[in-house]
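Shown next, in structure tokens, is the structure this report addresses.
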Amino acid sequence: MYWIAHLDGGPCRVNHTAVVVGDFIYSFGGYCSSDEYKLNHTIDVHVLNTHNLRWFLIPPKRDSTGALLEYPAVPFQRYGHSAVAYKQKVYMWGGRNDEMCCSILFCFDTITHQWSKPEVNGEIPAVRDGHTACIVDHNMYIFGGFEEQANRFSCDVHCLNLETMTWSYLSTTEQPPSYRDFHTATVLDNKMYIFGGRGDRHSPFHTQEEIYCDQLVYLDLSTRKWTKPNATGSVPLGRRSHSAFVYNKQLYVFGGYNSIMEKHFNDLYCYNPSLNRWSVVTARGVPPRPRRRQVCLVIDKRMYLFGGTSPYAVPIHSSNRQNLPLLLDYSDIHVFDFEPTLKTLAIRAVLDYEIDQSLLPQCIRSEIRSMTMSNTISRPLNSTG
């Protein structure tokens, strides 16, 4: 395993969401702390071509007069939302901006780049952010989050049938995970694994006494039964705003934040469900800086990590320390290769030891250029929280 590439200059985004469609990653919304987010600011859609690691921004939509379309014709810019990919389309739900939270389902067509609002029926979940969404067959499962109107954390499961566009509340058995937001939900073998997140020590309501659970819990989507596997090994510390992903039938967790410890993480853990055991992953290369609210997605044998935020790396006695914002919002992308080929290892050797590239084949030099040349669409790296 190897961190093989690190490029700056992509979209500066925190608390965004993204999906994989083919060899492309579609990223929706999120925030950059130097910006304001109002209802008339429509969501941005950035796309990463994973063949050459180039980002591009899909132009905002306009009406027949050339005027920009605004909410509710297209979603407003938001953070803390969720998205899933289904049949070349992306379904986005929930999230908030600086003014309000949303419970409208939006659909983005990756072929036409058009937004729509599918008509839904059934038991629509209460508006929220910080929830998760998973896709299994033709169903989108929503878990947890912070309910805006009730002003409380959730531990409910809701299901949207993407064929009938019908919402339903999912009745489950056994004890569910505690009320929480900014956890992760990851599907493996028809089980939805919940890890981490922020809850309250006393109740579903937020009293500022936060708690961070390190207990892995899964919902068997066939039986609708919750199970706590009591895993062994090196269990990750409780955290929120981390990332989780699956490779080779194993669950991985990266990064996140624990406010009780005031600590950002850049560790990588692996959970093996057949052994019911956690282990720390040691990989070659330079890992990302500790961060939270990033996105991690797997395509083939590689994981792509981008965005997020963490404190400035400034020495504690630096004279410039008080003049800097509290957090740095990232515009970078890191590529993690689970099974690097001989060619990839050779390219890394060329870069690590600064070997002359002039005699290499053009195709190899092009690949090296893609792995080292920064993108150029970043917003300013300013942050206040």
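By order in the structure tokens, chains are A, B, ...; within a chain, residues start at 1; ligands start at 1, following the order shown.
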Tell me which protein, DNA and RNA residues are within 6 Å of Ile142 (chain A), counting only C-alpha atoms, leaving out same-chain ones fewer than 5 positions away, and put them as a VMD selection string. chain A and resid 132 to 133 157 to 158
Ala5 (chain A) environment, 10 Å, only C-alpha atoms, sequence neighbours closer than 3 positions dropped, as JSON, numbers by chain: {"A": [2, 53, 285, 286, 287, 304, 333, 334, 335, 336, 337, 348, 368, 370, 371, 372]}
So how many Å separate CA of Phe254 (chain A) and CA of Asp267 (chain A), to one decimal? 5.8 Å
For a test of reading the model, state the distance in Å between CA of Thr173 (chain A) and CA of Tyr247 (chain A), rounded to one decimal.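 Pair CA of Thr173 (chain A) / CA of Tyr247 (chain A) returns 28.4 Å.
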In Å, how far is it from CA of Ala185 (chain A) to CA of Ala244 (chain A)? 7.5 Å
Calculated over only C-alpha atoms, which of the candidates A:Phe108, A:Tyr169, A:Trp3, A:Tyr179 has the smallest distance to Tyr86 (chain A)? A:Phe108
Write out as number ranges by chain which residues come within 9 Å of Arg293 (chain A) when counting only C-alpha atoms, dropping same-chain ones fewer than 2 positions away. A: 13-16, 182, 240-243, 255-257, 291, 295, 307-309
Based on the selection just made, write N, CA and C atoms of those residues as an mmCIF file, in the first residue's frame.
data_model
loop_
_atom_site.group_PDB
_atom_site.id
_atom_site.type_symbol
_atom_site.label_atom_id
_atom_site.label_comp_id
_atom_site.auth_asym_id
_atom_site.auth_seq_id
_atom_site.Cartn_x
_atom_site.Cartn_y
_atom_site.Cartn_z
ATOM 1 N N ARG A 13 -12.739 22.626 -0.606
ATOM 2 C CA ARG A 13 -14.045 22.193 -0.133
ATOM 3 C C ARG A 13 -13.946 21.461 1.202
ATOM 4 N N VAL A 14 -14.913 21.729 2.074
ATOM 5 C CA VAL A 14 -15.022 21.109 3.385
ATOM 6 C C VAL A 14 -16.480 20.677 3.575
ATOM 7 N N ASN A 15 -16.672 19.470 4.138
ATOM 8 C CA ASN A 15 -18.023 18.978 4.424
ATOM 9 C C ASN A 15 -18.851 18.861 3.151
ATOM 10 N N HIS A 16 -18.198 18.488 2.072
ATOM 11 C CA HIS A 16 -18.843 18.246 0.795
ATOM 12 C C HIS A 16 -19.259 16.782 0.716
ATOM 13 N N PHE A 182 -22.458 13.171 11.835
ATOM 14 C CA PHE A 182 -21.097 13.157 11.281
ATOM 15 C C PHE A 182 -20.348 11.861 11.596
ATOM 16 N N ARG A 240 -15.404 12.046 14.789
ATOM 17 C CA ARG A 240 -16.445 12.439 13.849
ATOM 18 C C ARG A 240 -15.798 13.031 12.599
ATOM 19 N N SER A 241 -16.611 13.191 11.562
ATOM 20 C CA SER A 241 -16.166 13.836 10.320
ATOM 21 C C SER A 241 -14.964 13.121 9.721
ATOM 22 N N HIS A 242 -14.907 11.813 9.909
ATOM 23 C CA HIS A 242 -13.881 10.976 9.308
ATOM 24 C C HIS A 242 -14.399 10.419 7.990
ATOM 25 N N SER A 243 -13.654 9.523 7.382
ATOM 26 C CA SER A 243 -14.083 8.860 6.141
ATOM 27 C C SER A 243 -14.009 7.349 6.337
ATOM 28 N N GLY A 255 -8.756 9.339 9.271
ATOM 29 C CA GLY A 255 -8.851 10.711 9.742
ATOM 30 C C GLY A 255 -9.999 10.986 10.684
ATOM 31 N N GLY A 256 -10.416 12.263 10.720
ATOM 32 C CA GLY A 256 -11.504 12.696 11.570
ATOM 33 C C GLY A 256 -11.032 13.583 12.710
ATOM 34 N N TYR A 257 -11.945 13.827 13.652
ATOM 35 C CA TYR A 257 -11.686 14.806 14.708
ATOM 36 C C TYR A 257 -12.404 14.399 15.988
ATOM 37 N N ARG A 291 -6.799 15.720 9.369
ATOM 38 C CA ARG A 291 -7.906 16.544 8.873
ATOM 39 C C ARG A 291 -9.241 15.904 9.166
ATOM 40 N N VAL A 295 -13.338 13.810 1.815
ATOM 41 C CA VAL A 295 -14.044 12.726 1.122
ATOM 42 C C VAL A 295 -13.019 11.691 0.688
ATOM 43 N N GLY A 307 -9.960 17.399 -0.150
ATOM 44 C CA GLY A 307 -10.619 18.390 0.683
ATOM 45 C C GLY A 307 -10.446 18.149 2.173
ATOM 46 N N GLY A 308 -11.274 18.842 2.955
ATOM 47 C CA GLY A 308 -11.226 18.749 4.406
ATOM 48 C C GLY A 308 -10.600 19.983 5.031
ATOM 49 N N THR A 309 -10.435 19.932 6.338
ATOM 50 C CA THR A 309 -9.891 21.071 7.077
ATOM 51 C C THR A 309 -9.144 20.581 8.309
#
So which residues touch Tyr252 (chain A) within 9 Å, counting only C-alpha atoms, skipping near sequence neighbours fewer than 5 positions away, as number ranges by chain? A: 243-247, 268-272, 281
Which is closest to Gln175 (chain A) among A:Ser154, A:Thr227, A:Ser33, A:Asn139, if we use only C-alpha atoms?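 Closest candidate: A:Thr227.
Secondary structure of region 149-200 of chain A, strand (DSSP E) only (DSSP, backbone atoms): A:Arg152, A:Phe153, A:Val157, A:His158, A:Cys159, A:Leu160, A:Asn161, A:Thr166, A:Trp167, A:Ser168, A:Tyr169, A:Thr184, A:Ala185, A:Thr186, A:Val187, A:Leu188, A:Lys191, A:Met192, A:Tyr193, A:Ile194, A:Phe195, A:Arg198, A:Gly199, A:Asp200.
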